[in-house]
Structure formats: C-alpha cells, structure tokens
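Enquirer: For reference, this is data_24.csv, and it has CSV, C-alpha atoms and all ligand atoms.
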chain,number,residue,atom,x,y,z
A,1451,MET,CA,0.0,0.0,0.0
A,1452,LEU,CA,1.2,3.5,-0.8
A,1453,PHE,CA,1.5,6.1,1.8
A,1454,SER,CA,-1.8,7.8,2.4
A,1455,PRO,CA,-1.5,11.3,4.0
A,1456,SER,CA,-5.2,11.6,4.9
A,1457,LEU,CA,-5.4,8.2,6.6
A,1458,SER,CA,-2.2,8.8,8.5
A,1459,VAL,CA,-3.3,12.2,9.8
A,1460,ALA,CA,-6.4,10.4,11.2
A,1461,ILE,CA,-4.2,7.8,12.9
A,1462,LEU,CA,-1.9,10.4,14.2
A,1463,GLY,CA,-4.7,12.3,15.9
A,1464,GLY,CA,-5.6,9.3,17.9
A,1465,PHE,CA,-2.1,8.3,19.0
A,1466,SER,CA,-1.0,9.2,22.5
A,1467,LEU,CA,2.4,10.0,24.1
A,1468,ILE,CA,4.7,7.3,25.4
A,1469,SER,CA,6.7,8.9,28.2
A,1470,ASN,CA,7.1,6.4,31.0
A,1471,ALA,CA,10.4,5.2,32.3
A,1472,TYR,CA,10.8,1.5,31.6
A,1473,SER,CA,12.9,-1.3,33.1
A,1474,SER,CA,13.4,-4.4,31.1
A,1475,PRO,CA,13.2,-7.7,33.1
A,1476,LEU,CA,14.9,-9.4,30.1
A,1477,LEU,CA,18.4,-8.0,30.5
A,1478,PRO,CA,21.2,-9.8,32.3
A,1479,SER,CA,21.2,-9.1,36.1
A,1480,GLY,CA,22.8,-5.9,37.0
A,1481,GLN,CA,21.7,-4.1,33.9
A,1482,SER,CA,18.7,-1.9,33.3
A,1483,LEU,CA,17.4,-0.3,30.2
A,1484,THR,CA,15.7,2.9,31.2
A,1485,LYS,CA,13.7,4.9,28.7
A,1486,ARG,CA,12.0,8.2,28.8
A,1487,ILE,CA,10.6,9.0,25.5
A,1488,SER,CA,8.4,11.8,24.2
A,1489,TYR,CA,8.4,14.7,21.9
A,1490,ASP,CA,6.5,17.2,23.9
A,1491,GLY,CA,9.1,19.9,24.5
A,1492,SER,CA,10.5,18.2,27.6
A,1493,THR,CA,13.2,16.2,25.7
A,1494,SER,CA,16.3,17.1,23.7
A,1495,ILE,CA,14.5,16.2,20.4
A,1496,THR,CA,14.5,19.1,17.9
A,1497,LEU,CA,13.4,19.5,14.3
A,1498,ALA,CA,16.8,19.8,12.7
A,1499,LEU,CA,15.9,20.2,9.0
A,1500,ASN,CA,12.4,21.2,7.9
A,1501,THR,CA,12.7,19.5,4.5
A,1502,ASP,CA,12.7,15.9,3.1
A,1503,PHE,CA,15.8,14.3,4.5
A,1504,PRO,CA,15.1,10.6,5.2
A,1505,ASP,CA,17.3,8.0,6.8
A,1506,PRO,CA,19.9,10.4,8.1
A,1507,ALA,CA,23.5,9.4,9.1
A,1508,PHE,CA,26.3,11.7,10.1
A,1509,VAL,CA,30.1,12.0,10.6
A,1510,GLN,CA,32.2,14.6,12.5
A,1511,HIS,CA,34.8,16.4,10.5
A,1512,THR,CA,38.3,17.1,11.7
A,1513,ASP,CA,37.3,20.8,12.2
A,1514,GLY,CA,34.7,19.6,14.8
A,1515,SER,CA,31.7,20.4,12.6
A,1516,TRP,CA,29.1,17.8,11.6
A,1517,TYR,CA,27.9,16.5,8.2
A,1518,ALA,CA,24.7,14.6,7.7
A,1519,TYR,CA,23.7,12.5,4.7
A,1520,ALA,CA,20.3,11.4,3.5
A,1521,THR,CA,18.3,9.4,0.9
A,1522,ASN,CA,17.7,11.0,-2.5
A,1523,GLY,CA,15.5,14.1,-2.4
A,1524,ASN,CA,15.5,17.9,-3.1
A,1525,GLY,CA,16.9,17.1,-6.5
A,1526,LYS,CA,20.0,15.2,-5.3
A,1527,ARG,CA,20.9,11.5,-5.3
A,1528,ILE,CA,22.6,11.7,-1.9
A,1529,GLN,CA,21.8,14.8,0.2
A,1530,VAL,CA,24.2,16.5,2.5
A,1531,ALA,CA,23.6,18.9,5.4
A,1532,HIS,CA,26.1,20.7,7.8
A,1533,SER,CA,26.1,21.8,11.4
A,1534,THR,CA,28.6,23.3,13.7
A,1535,ASP,CA,26.7,22.4,16.9
A,1536,PHE,CA,24.5,19.4,16.0
A,1537,GLU,CA,21.4,21.5,16.7
A,1538,SER,CA,21.2,24.0,13.9
A,1539,TRP,CA,21.5,22.4,10.4
A,1540,SER,CA,21.6,23.7,6.9
A,1541,LEU,CA,21.1,21.8,3.7
A,1542,LEU,CA,24.0,22.0,1.3
A,1543,ASN,CA,23.5,22.5,-2.4
A,1544,VAL,CA,25.9,19.7,-3.4
A,1545,GLU,CA,25.5,16.3,-5.2
A,1546,ALA,CA,27.5,13.9,-3.0
A,1547,LEU,CA,27.4,11.1,-5.6
A,1548,PRO,CA,27.8,12.6,-9.0
A,1549,THR,CA,28.8,9.4,-10.7
A,1550,LEU,CA,27.4,5.9,-10.5
A,1551,SER,CA,29.1,2.5,-10.6
A,1552,GLY,CA,28.5,0.0,-13.4
A,1553,TRP,CA,26.2,-2.2,-11.2
A,1554,GLU,CA,23.7,0.4,-10.2
A,1555,SER,CA,21.0,2.6,-11.8
A,1556,GLU,CA,18.5,5.4,-10.9
A,1557,PRO,CA,16.1,6.3,-9.4
A,1558,ASP,CA,16.8,5.2,-5.7
A,1559,HIS,CA,19.8,6.1,-3.6
A,1560,TRP,CA,18.9,5.3,-0.1
A,1561,ALA,CA,20.2,5.5,3.5
A,1562,PRO,CA,23.8,6.6,3.0
A,1563,ASP,CA,26.3,6.3,5.8
A,1564,VAL,CA,29.8,8.0,6.1
A,1565,PHE,CA,32.8,7.3,8.3
A,1566,ARG,CA,36.3,8.7,8.4
A,1567,ARG,CA,39.0,6.1,7.9
A,1568,SER,CA,42.3,6.0,9.6
A,1569,ASP,CA,44.0,7.4,6.4
A,1570,GLY,CA,41.8,10.4,6.7
A,1571,LYS,CA,39.5,9.5,3.7
A,1572,TYR,CA,35.8,9.7,4.0
A,1573,VAL,CA,34.0,6.5,2.9
A,1574,MET,CA,30.3,6.3,2.0
A,1575,TYR,CA,28.0,3.2,2.0
A,1576,TYR,CA,24.7,3.6,0.2
A,1577,SER,CA,21.9,1.5,-1.3
A,1578,ALA,CA,20.9,1.6,-5.0
A,1579,VAL,CA,18.9,-0.2,-7.6
A,1580,VAL,CA,20.6,-3.2,-9.3
A,1581,GLN,CA,20.8,-2.6,-13.0
A,1582,SER,CA,20.2,-6.2,-13.8
A,1583,ASN,CA,17.1,-6.4,-11.6
A,1584,PRO,CA,15.1,-3.2,-11.0
A,1585,ASN,CA,13.2,-4.8,-8.1
A,1586,ARG,CA,16.4,-5.3,-6.0
A,1587,HIS,CA,18.7,-2.9,-4.1
A,1588,CYS,CA,22.3,-3.6,-3.0
A,1589,ILE,CA,25.0,-1.8,-1.1
A,1590,GLY,CA,27.6,0.3,-2.9
A,1591,VAL,CA,30.8,2.1,-1.6
A,1592,ALA,CA,32.2,5.4,-2.7
A,1593,ILE,CA,35.2,7.4,-1.4
A,1594,ALA,CA,35.6,11.2,-1.3
A,1595,ASP,CA,38.6,12.1,-3.6
A,1596,SER,CA,39.6,14.9,-1.2
A,1597,ASN,CA,39.4,15.0,2.5
A,1598,ASN,CA,36.1,16.9,2.2
A,1599,PRO,CA,33.1,15.2,4.0
A,1600,ALA,CA,30.7,16.9,1.5
A,1601,GLY,CA,32.3,14.9,-1.3
A,1602,PRO,CA,32.1,14.3,-4.2
A,1603,TYR,CA,32.2,10.6,-3.5
A,1604,ILE,CA,33.4,8.3,-6.3
A,1605,PRO,CA,32.4,4.6,-6.4
A,1606,THR,CA,35.4,2.3,-5.7
A,1607,SER,CA,34.3,-0.8,-7.5
A,1608,THR,CA,32.2,-2.0,-10.4
A,1609,ASN,CA,30.6,-4.5,-8.0
A,1610,PRO,CA,28.4,-3.9,-4.9
A,1611,LEU,CA,29.9,-4.6,-1.5
A,1612,ALA,CA,26.9,-6.7,-0.4
A,1613,CYS,CA,24.3,-8.0,-2.7
A,1614,PRO,CA,22.4,-11.2,-1.7
A,1615,LEU,CA,19.9,-11.1,-4.6
A,1616,ASP,CA,18.3,-14.4,-3.9
A,1617,GLN,CA,17.3,-13.2,-0.4
A,1618,GLY,CA,16.0,-9.8,-1.8
A,1619,GLY,CA,19.1,-7.7,-1.9
A,1620,ALA,CA,20.5,-5.5,0.8
A,1621,ILE,CA,19.9,-1.9,2.0
A,1622,ASP,CA,20.6,0.4,5.0
A,1623,ALA,CA,24.3,-0.1,5.4
A,1624,SER,CA,26.1,1.5,8.4
A,1625,SER,CA,29.6,1.4,9.7
A,1626,PHE,CA,30.8,0.4,13.1
A,1627,GLN,CA,34.3,0.4,14.6
A,1628,ASP,CA,34.8,-1.7,17.8
A,1629,SER,CA,36.9,-0.5,20.7
A,1630,ASP,CA,39.8,-2.6,19.5
A,1631,GLY,CA,39.7,-0.9,16.1
A,1632,THR,CA,38.1,-3.7,14.2
A,1633,ARG,CA,35.8,-2.4,11.4
A,1634,TYR,CA,32.3,-3.8,10.5
A,1635,ILE,CA,29.5,-3.0,8.2
A,1636,LEU,CA,25.9,-3.6,9.2
A,1637,TYR,CA,23.0,-3.9,6.7
A,1638,LYS,CA,19.5,-5.2,6.2
A,1639,ILE,CA,18.7,-8.1,3.9
A,1640,ASP,CA,15.8,-6.6,1.9
A,1641,GLY,CA,13.4,-9.5,2.1
A,1642,ASN,CA,10.5,-7.2,1.4
A,1643,SER,CA,11.4,-7.2,-2.2
A,1644,ILE,CA,10.6,-10.9,-2.4
A,1645,GLY,CA,7.5,-10.6,-0.2
A,1646,HIS,CA,3.9,-11.3,-1.2
A,1647,GLY,CA,2.3,-7.9,-0.9
A,1648,GLY,CA,0.7,-5.8,1.8
A,1649,ASP,CA,2.4,-3.4,4.1
A,1650,CYS,CA,5.9,-2.7,2.7
A,1651,ASN,CA,5.3,-5.8,0.4
A,1652,ASN,CA,5.7,-8.2,3.4
A,1653,SER,CA,2.6,-8.5,5.4
A,1654,VAL,CA,1.0,-11.4,3.4
A,1655,GLU,CA,2.0,-14.9,4.4
A,1656,PRO,CA,4.5,-16.4,3.9
A,1657,LEU,CA,6.5,-13.5,5.3
A,1658,ALA,CA,10.1,-13.1,4.0
A,1659,ALA,CA,13.0,-12.8,6.4
A,1660,THR,CA,14.6,-9.3,6.8
A,1661,PRO,CA,17.7,-10.0,8.9
A,1662,ILE,CA,20.2,-7.4,10.1
A,1663,MET,CA,23.6,-8.7,9.1
A,1664,LEU,CA,27.1,-7.9,10.5
A,1665,GLN,CA,30.1,-8.2,8.1
A,1666,ARG,CA,33.6,-7.7,9.3
A,1667,VAL,CA,35.8,-5.6,6.9
A,1668,SER,CA,39.4,-4.7,6.8
A,1669,GLU,CA,40.8,-1.3,7.9
A,1670,ASP,CA,39.9,0.1,4.5
A,1671,GLY,CA,36.2,-0.4,5.2
A,1672,ILE,CA,35.5,-2.0,1.9
A,1673,THR,CA,37.2,-5.4,1.9
A,1674,PRO,CA,35.1,-8.2,3.5
A,1675,ILE,CA,36.8,-10.6,6.0
A,1676,GLY,CA,34.9,-13.9,6.4
A,1677,ASN,CA,31.2,-14.3,6.1
A,1678,PRO,CA,28.4,-12.1,7.4
A,1679,VAL,CA,26.7,-13.0,10.6
A,1680,GLN,CA,22.9,-12.5,11.4
A,1681,LEU,CA,22.3,-10.4,14.5
A,1682,ILE,CA,18.5,-10.2,14.6
A,1683,ASP,CA,15.5,-10.9,12.3
A,1684,ARG,CA,11.9,-9.6,12.3
A,1685,ASP,CA,9.3,-11.4,14.5
A,1686,ALA,CA,5.6,-10.9,14.8
A,1687,SER,CA,6.1,-7.8,17.1
A,1688,ASP,CA,8.1,-6.0,14.4
A,1689,GLY,CA,5.4,-6.2,11.7
A,1690,PRO,CA,6.8,-6.7,8.2
A,1691,LEU,CA,10.4,-5.9,8.9
A,1692,VAL,CA,13.4,-4.7,10.9
A,1693,GLU,CA,15.8,-2.3,9.2
A,1694,ALA,CA,18.1,0.8,9.6
A,1695,PRO,CA,20.7,-0.8,12.0
A,1696,SER,CA,23.1,1.4,14.0
A,1697,LEU,CA,25.5,-0.2,16.4
A,1698,LEU,CA,27.0,1.4,19.5
A,1699,LYS,CA,29.3,0.0,22.3
A,1700,ALA,CA,28.5,1.3,25.8
A,1701,GLY,CA,31.2,2.0,28.3
A,1702,ASP,CA,30.6,-1.3,30.1
A,1703,GLY,CA,31.2,-3.2,26.9
A,1704,THR,CA,27.5,-3.8,26.1
A,1705,TYR,CA,26.6,-3.7,22.4
A,1706,LEU,CA,23.5,-1.7,21.6
A,1707,LEU,CA,21.9,-2.3,18.3
A,1708,PHE,CA,19.4,0.4,17.3
A,1709,TYR,CA,16.9,-0.4,14.6
A,1710,SER,CA,13.5,0.4,13.2
A,1711,THR,CA,10.5,-1.9,13.0
A,1712,HIS,CA,7.3,-1.9,10.9
A,1713,CYS,CA,6.7,-0.2,7.5
A,1714,PHE,CA,8.2,3.3,7.3
A,1715,THR,CA,4.7,4.7,6.3
A,1716,ASP,CA,3.1,3.1,9.4
A,1717,VAL,CA,2.4,5.0,12.7
A,1718,LYS,CA,4.2,2.0,14.4
A,1719,TYR,CA,7.5,2.8,12.6
A,1720,ASP,CA,9.9,3.4,15.5
A,1721,VAL,CA,13.4,3.0,16.9
A,1722,ARG,CA,14.1,0.1,19.2
A,1723,VAL,CA,17.2,-1.3,20.9
A,1724,ALA,CA,18.6,-4.8,21.2
A,1725,THR,CA,21.5,-5.5,23.5
A,1726,ALA,CA,24.3,-8.2,23.6
A,1727,SER,CA,27.5,-8.8,25.5
A,1728,SER,CA,29.3,-10.1,22.3
A,1729,ILE,CA,29.2,-8.2,19.0
A,1730,THR,CA,27.9,-11.2,17.2
A,1731,GLY,CA,25.1,-11.8,19.8
A,1732,PRO,CA,22.8,-13.2,20.9
A,1733,TYR,CA,20.9,-9.9,20.9
A,1734,LYS,CA,18.0,-9.4,23.3
A,1735,LYS,CA,15.3,-7.3,21.8
A,1736,ASP,CA,13.6,-4.8,24.1
A,1737,ALA,CA,9.8,-4.8,23.4
A,1738,VAL,CA,9.4,-1.1,24.2
A,1739,SER,CA,10.4,1.5,21.5
A,1740,LEU,CA,13.1,4.0,22.3
A,1741,LEU,CA,11.4,6.4,19.9
A,1742,ALA,CA,7.7,6.1,18.9
A,1743,SER,CA,5.0,8.2,17.3
A,1744,SER,CA,3.4,10.7,19.6
A,1745,ASP,CA,1.1,13.7,19.2
A,1746,GLU,CA,4.2,15.7,17.9
A,1747,LEU,CA,6.0,13.0,16.0
A,1748,TYR,CA,4.9,10.6,13.3
A,1749,GLY,CA,6.8,7.5,12.3
A,1750,PRO,CA,10.2,8.2,13.8
A,1751,GLY,CA,12.9,5.9,12.5
A,1752,GLY,CA,15.9,5.4,10.3
A,1753,GLY,CA,18.0,6.6,13.2
A,1754,THR,CA,21.8,6.8,13.5
A,1755,ILE,CA,23.5,7.1,16.9
A,1756,SER,CA,27.2,8.0,17.7
A,1757,ASN,CA,29.4,7.4,20.6
A,1758,HIS,CA,28.9,11.0,21.7
A,1759,GLY,CA,25.2,10.1,22.2
A,1760,ASN,CA,24.2,12.3,19.3
A,1761,MET,CA,21.3,10.9,17.3
A,1762,LEU,CA,19.6,11.8,14.0
A,1763,PHE,CA,16.4,10.2,12.7
A,1764,HIS,CA,13.5,11.2,10.5
A,1765,GLY,CA,9.8,11.7,11.1
A,1766,TRP,CA,6.9,12.6,8.8
A,1767,CYS,CA,6.3,16.3,8.5
A,1768,ASN,CA,4.7,19.1,6.4
A,1769,GLY,CA,1.3,17.4,6.2
A,1770,ASN,CA,3.1,14.0,6.0
A,1771,SER,CA,4.5,14.9,2.6
A,1772,ALA,CA,8.1,14.6,3.6
A,1773,ARG,CA,10.4,13.0,6.2
A,1774,CYS,CA,12.2,15.7,8.1
A,1775,MET,CA,15.4,15.3,10.1
A,1776,TYR,CA,15.2,15.4,13.9
A,1777,ALA,CA,18.2,15.6,16.2
A,1778,ALA,CA,18.3,14.2,19.8
A,1779,HIS,CA,20.7,13.4,22.5
A,1780,VAL,CA,20.7,9.8,23.8
A,1781,ASP,CA,22.2,8.9,27.2
A,1782,VAL,CA,24.1,5.6,26.7
A,1783,SER,CA,26.0,5.4,29.9
A,1784,GLY,CA,26.4,1.7,30.6
A,1785,ALA,CA,23.6,-0.4,29.3
A,1786,SER,CA,21.1,2.3,30.2
A,1787,VAL,CA,19.7,4.2,27.2
A,1788,PHE,CA,17.2,7.0,27.0
A,1789,VAL,CA,16.5,10.1,25.0
A,1790,GLU,CA,17.4,13.1,27.2
B,1,LIG,C1,7.0,-7.6,-3.9
B,1,LIG,O1,7.6,-8.8,-4.1
B,1,LIG,C2,7.4,-9.4,-5.4
B,1,LIG,C3,8.0,-10.8,-5.4
B,1,LIG,O2,7.3,-11.6,-4.5
B,1,LIG,C4,8.1,-8.5,-6.4
B,1,LIG,O3,7.9,-9.0,-7.7
B,1,LIG,C5,7.6,-7.1,-6.3
B,1,LIG,O4,8.4,-6.3,-7.1
B,1,LIG,C6,7.7,-6.6,-4.9
B,1,LIG,N1,7.1,-5.3,-4.8
B,1,LIG,C7,7.8,-4.3,-4.2
B,1,LIG,C8,7.0,-3.0,-4.2
B,1,LIG,O5,8.9,-4.4,-3.7
Rewrite the structure from the file as structure tokens, please.

Expert:
Amino acid sequence: MLFSPSLSVAILGGFSLISNAYSSPLLPSGQSLTKRISYDGSTSITLALNTDFPDPAFVQHTDGSWYAYATNGNGKRIQVAHSTDFESWSLLNVEALPTLSGWESEPDHWAPDVFRRSDGKYVMYYSAVVQSNPNRHCIGVAIADSNNPAGPYIPTSTNPLACPLDQGGAIDASSFQDSDGTRYILYKIDGNSIGHGGDCNNSVEPLAATPIMLQRVSEDGITPIGNPVQLIDRDASDGPLVEAPSLLKAGDGTYLLFYSTHCFTDVKYDVRVATASSITGPYKKDAVSLLASSDELYGPGGGTISNHGNMLFHGWCNGNSARCMYAAHVDVSGASVFVE
C-alpha cells in the first residue's frame, strides 16, 4: 500500500504519548534499560531540517563540525547537510554522488552512511537499484577524492559490497568500529522485495526474512573478511520488517543495536534497541520503543547514533508529505539508554 497522507493524519490524531520510564526484566542481572521518550518539548528532540531528508546518518569532520547524509530528495541522489553544533543544520547545495558505478542505476539512492577512515579518507556506503534487476537494491561504496566530507564521493568498485539477490538484496548499510579498532558494516537483507504484498510488500504470508547482518571488513572499510553473521530478524512484534541498523558500544562493553520496526509509512514505525555482551550476539530485543509516534512526531525511524550520544532520525512532517530530520541526544552510559 502506498502512503496515504489523509489516513495517516487520522491515525496520528488518535495516538498518545509514550513517556514512561521502563525497566526491562529481560536484561542480564545488574543491567537496566531505562527509557524516557516523548516529543512534547521536555526532551532534547529538535526539528533539525524542515525538508525531506530521510534515513539520516552523520560524521564529525576534523574541524569539529558535523555532516549529515540522506536518501535521495531535493533534486539530489545523496543529500548533505552541515552543522557546527549538531542542533542548527543547513542543507548544502551539493551532489555527494555525481557518478554511478556500473552495477547500479536510478532512481533510488537510499540511506547513506559515512565514516572517516584512519587514512583520513571519508567513505560512504549507500543502497541503490541493481541494473540487472530493477526490483532489487544492493550496497555500494564510494570514497571522497579529497578530505572533504561533502564529497564528491566516487564509487570504488564495479561491483556492490553486499548483494544477496536471492534473499531480496541489501539496504541500510552502516559502519561500526569496535573499541579494538576492528571495522564492521551492518546492513539489512531486503526480504520485502521478495515478499507477497501488503504493508511494505511483506505482510502477506508467507513473510520473508529481513535479517540485520554484520560483516567484518578490513581497515579500508571496503574489503570483507569472512562471512556475514545474522544479528536479529523480524518477528511478529516487528510487523513486516526490521531495518536501519546502527550499532554502539557502551562504556561497560554492552553492544546496543538500534533499529527500526514496521513499515516506514506506518504509525508504528519506531526506533528500538537490542543488547548483547558479544558483538555477534545473541541480541536481546527490548519490546518497548526508544522512539515512537506521539502527538508531535509521526513514524520516527531510520536513526543513527554516535558514541557521543548524538542521534539523527527522520519523522513525517509538512502534512506527511516529507520525512524531516530530527536531532536528539541519547544517554548511553552503561547499558542504560534513554533520550534526554
Ligand atoms: C514484492 O515482491 C514481489 C516478489 O514476490 C516482487 O515481484 C515485487 O516487485 C515486490 N514489490 C515491491 C514494491 O517491492
């Protein structure tokens, strides 16, 4: 089903705030996962860009300022925004990905993620349509030819980095560097594209798997080492899918996997957290959303969280015609996580 603004406005009006602190009984003893979520003016959540800027990710430049990246929109394949304080953002009039690799085609360039490598180069992961199969997306890599986080980013290979076509392809790549320096890429296997219809093409039985995968890569960020490992998959409580992974390591060594559930057009689209003591899992999903729809926020998701506790995500805005970027600060001390 396509997104219906009028229907969604009606649902939005009937949805109430979620603002209670929550302690999970599922966590290992000695840990608690405390949440205090709302967008009612009492939290750090701010509207950061009042324009279509979906699936945001970000990187900090050597000058201390911040660059954010988003799915195609505003006439660009990959959008870029800039901020000096992480609160006040401006959209840049640049095309971050002016050239395409041989494997990909228009029109979709989704959910970019950028990190700064130890050699100073900025590396971008993104999802694009596979030329040989217009119903599948896969993960590409591009590197900025200067040390400018705004790009331009140039594809590094004629092949995608991850492309499990028989399982539906792959989207929503993000980078993670462990405390020992080991680099990983996370992504979602896009089972929806081999689904059987309904919400996000995957609410009609039999439902396709949409697992979040972890692939170790070498220090260059682009050379896979070994095979990918599955961290979580969707279950009945997630609706048609899980997607948009972002991994963080807390000070006590706990791995926190942030992800979205349900279809991005649904009022139930959200940000949730699963925790593990080992990077490969097992991950324990928390049933309560870290970020959920409220009277002021519709369909928050596609979030990215950094070690600083800075977070960007999108929510529907402007009469549900666009997904605007929101900024928040998340307290991740220990295994406790909440939006300040
Ligand atoms: C849904 O999945 C079918 C395969 O089962 C595919 O042909 C179709 O393109 C998919 N639709 C979307 C919108 O992804």

Enquirer: Near region 1618-1630 of chain A, within 7 Å and counting all atoms listed in the file, which residues show up once chain neighbours fewer than 6 positions away are dropped, as a list in words?

Expert: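 Listing them by chain and then by number gives Ala1561, Asp1563, Phe1565, Tyr1575, Tyr1576, Ser1577, Arg1586, His1587, Cys1588, Ile1589, Ala1612, Leu1636, Tyr1637, Lys1638, Ile1639, Asp1640, Gly1641, Asn1642, Ser1643, Ile1644, Glu1693, Ala1694, Pro1695, Ser1696 and Leu1697 of chain A.
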
Enquirer: Could you list, as a compact mmCIF listing (two decimals) with C-alpha atoms, in the coordinates of the input, all the residues within 6 Å of ligand LIG 1 (chain B), counting all atoms listed in the file?

Expert:
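Written output follows (selection_28.txt):
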# COMPACT_ATOMS: atom_id res chain seq x y z
CA ASN A 1585 13.20 -4.80 -8.10
CA SER A 1643 11.40 -7.20 -2.20
CA ILE A 1644 10.60 -10.90 -2.40
CA GLY A 1645 7.50 -10.60 -0.20
CA HIS A 1646 3.90 -11.30 -1.20
CA GLY A 1647 2.30 -7.90 -0.90
CA ASN A 1651 5.30 -5.80 0.40

Enquirer: I need every residue sitting at most 9 Å from the point (31.8, 16.9, 0.9) (coordinates as in the file, all atoms listed in the file considered), written as a short mmCIF file (atom, residue, chain, number, x, y, z; two decimals) with C-alpha atoms, in the frame of the given file.

Expert:
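Written file, point_29.cif:
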data_model
loop_
_atom_site.label_atom_id
_atom_site.label_comp_id
_atom_site.auth_asym_id
_atom_site.auth_seq_id
_atom_site.Cartn_x
_atom_site.Cartn_y
_atom_site.Cartn_z
CA TYR A 1517 27.90 16.50 8.20
CA VAL A 1530 24.20 16.50 2.50
CA VAL A 1544 25.90 19.70 -3.40
CA GLU A 1545 25.50 16.30 -5.20
CA ALA A 1546 27.50 13.90 -3.00
CA TYR A 1572 35.80 9.70 4.00
CA ALA A 1594 35.60 11.20 -1.30
CA SER A 1596 39.60 14.90 -1.20
CA ASN A 1597 39.40 15.00 2.50
CA ASN A 1598 36.10 16.90 2.20
CA PRO A 1599 33.10 15.20 4.00
CA ALA A 1600 30.70 16.90 1.50
CA GLY A 1601 32.30 14.90 -1.30
CA PRO A 1602 32.10 14.30 -4.20
CA TYR A 1603 32.20 10.60 -3.50
#

Enquirer: Can you pull out the residues contacting Thr1725 (chain A)? Cut-off 7 Å, using only C-alpha atoms, and skip same-chain residues under 4 positions away; I want them as a PyMOL selection string.

Expert: chain A and resi 1704-1707+1733-1735

Enquirer: Show me, as an NGL selection string, the residues that have an atom within 12 Å of Tyr1519 (chain A) when counting only C-alpha atoms, minus same-chain residues fewer than 2 positions from it.

Expert: :A and (1499 or 1502-1510 or 1516-1517 or 1521-1523 or 1526-1533 or 1539-1542 or 1544-1547 or 1559-1565 or 1574-1576 or 1599-1601 or 1603 or 1624 or 1752-1754 or 1762-1764 or 1775)

Enquirer: Using all atoms listed in the file, pick whichever of A:Lys1571, A:Lys1699, A:Arg1684, A:His1511 has the shortest atom-to-atom distance to Ser1786 (chain A).

Expert: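 Closest residue, counting all atoms listed in the file: A:Lys1699.
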
Enquirer: List the neighbours of region 1672-1683 of chain A out to 9 Å using all atoms listed in the file; skip same-chain residues closer than 2 positions along the sequence, and give me the result as a PDB file with C-alpha atoms, in the frame of the given file.

Expert:
ATOM      1  CA  VAL A1573      34.000   6.500   2.900  1.00  0.00           C
ATOM      2  CA  VAL A1591      30.800   2.100  -1.600  1.00  0.00           C
ATOM      3  CA  THR A1606      35.400   2.300  -5.700  1.00  0.00           C
ATOM      4  CA  LEU A1611      29.900  -4.600  -1.500  1.00  0.00           C
ATOM      5  CA  TYR A1634      32.300  -3.800  10.500  1.00  0.00           C
ATOM      6  CA  ILE A1635      29.500  -3.000   8.200  1.00  0.00           C
ATOM      7  CA  ALA A1659      13.000 -12.800   6.400  1.00  0.00           C
ATOM      8  CA  THR A1660      14.600  -9.300   6.800  1.00  0.00           C
ATOM      9  CA  PRO A1661      17.700 -10.000   8.900  1.00  0.00           C
ATOM     10  CA  ILE A1662      20.200  -7.400  10.100  1.00  0.00           C
ATOM     11  CA  MET A1663      23.600  -8.700   9.100  1.00  0.00           C
ATOM     12  CA  LEU A1664      27.100  -7.900  10.500  1.00  0.00           C
ATOM     13  CA  GLN A1665      30.100  -8.200   8.100  1.00  0.00           C
ATOM     14  CA  ARG A1666      33.600  -7.700   9.300  1.00  0.00           C
ATOM     15  CA  VAL A1667      35.800  -5.600   6.900  1.00  0.00           C
ATOM     16  CA  SER A1668      39.400  -4.700   6.800  1.00  0.00           C
ATOM     17  CA  GLU A1669      40.800  -1.300   7.900  1.00  0.00           C
ATOM     18  CA  ASP A1670      39.900   0.100   4.500  1.00  0.00           C
ATOM     19  CA  ASP A1685       9.300 -11.400  14.500  1.00  0.00           C
ATOM     20  CA  LEU A1691      10.400  -5.900   8.900  1.00  0.00           C
ATOM     21  CA  VAL A1692      13.400  -4.700  10.900  1.00  0.00           C
ATOM     22  CA  LEU A1707      21.900  -2.300  18.300  1.00  0.00           C
ATOM     23  CA  ALA A1724      18.600  -4.800  21.200  1.00  0.00           C
ATOM     24  CA  ILE A1729      29.200  -8.200  19.000  1.00  0.00           C
ATOM     25  CA  THR A1730      27.900 -11.200  17.200  1.00  0.00           C
ATOM     26  CA  GLY A1731      25.100 -11.800  19.800  1.00  0.00           C
ATOM     27  CA  PRO A1732      22.800 -13.200  20.900  1.00  0.00           C
ATOM     28  CA  TYR A1733      20.900  -9.900  20.900  1.00  0.00           C
ATOM     29  CA  LYS A1734      18.000  -9.400  23.300  1.00  0.00           C
ATOM     30  CA  LYS A1735      15.300  -7.300  21.800  1.00  0.00           C
TER      31      LYS A1735
END

Enquirer: Find the residues near region 1549-1558 of chain A: any atom within 6 Å, counting all atoms listed in the file, skip ones fewer than 4 places away on the same chain, and give them as number ranges by chain.

Expert: A: 1578-1581, 1605, 1608-1609

Enquirer: Could you state the separation of CA of Pro1690 (chain A) and CA of Leu1740 (chain A) in Å, given to one decimal place?

Expert: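 Pair CA of Pro1690 (chain A) / CA of Leu1740 (chain A) returns 18.8 Å.
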
Enquirer: Give the answer as one residue: which of A:Phe1708, A:Phe1788, A:Phe1714, A:Tyr1719 has the shortest atom-to-atom distance to Ile1755 (chain A), using all atoms listed in the file?

Expert: A:Phe1708

Enquirer: So which residues fall inside 10 Å of (30.0, 5.6, 25.9) if we count all atoms listed in the file? Mind giving them as a PyMOL selection string?

Expert: chain A and resi 1698-1704+1756-1759+1781-1785

Enquirer: Could you tell me how far CA of Asp1688 (chain A) lies from CA of Met1761 (chain A), in Å and to one decimal?

Expert: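 Taking CA of Asp1688 (chain A) and CA of Met1761 (chain A), their separation equals 21.6 Å.
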
Enquirer: Take CA of Ala1726 (chain A) and CA of Gly1590 (chain A) and report the distance between them in Å, one decimal.

Expert: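 CA of Gly1590 (chain A) lies 28.0 Å from CA of Ala1726 (chain A).
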
Enquirer: Between A:Gly1631, A:Gly1765, A:Gly1648, A:Pro1614, single out the one closest to Ala1498 (chain A), counting only C-alpha atoms.

Expert: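 Closest to Ala1498 (chain A) of all the choices is A:Gly1765.
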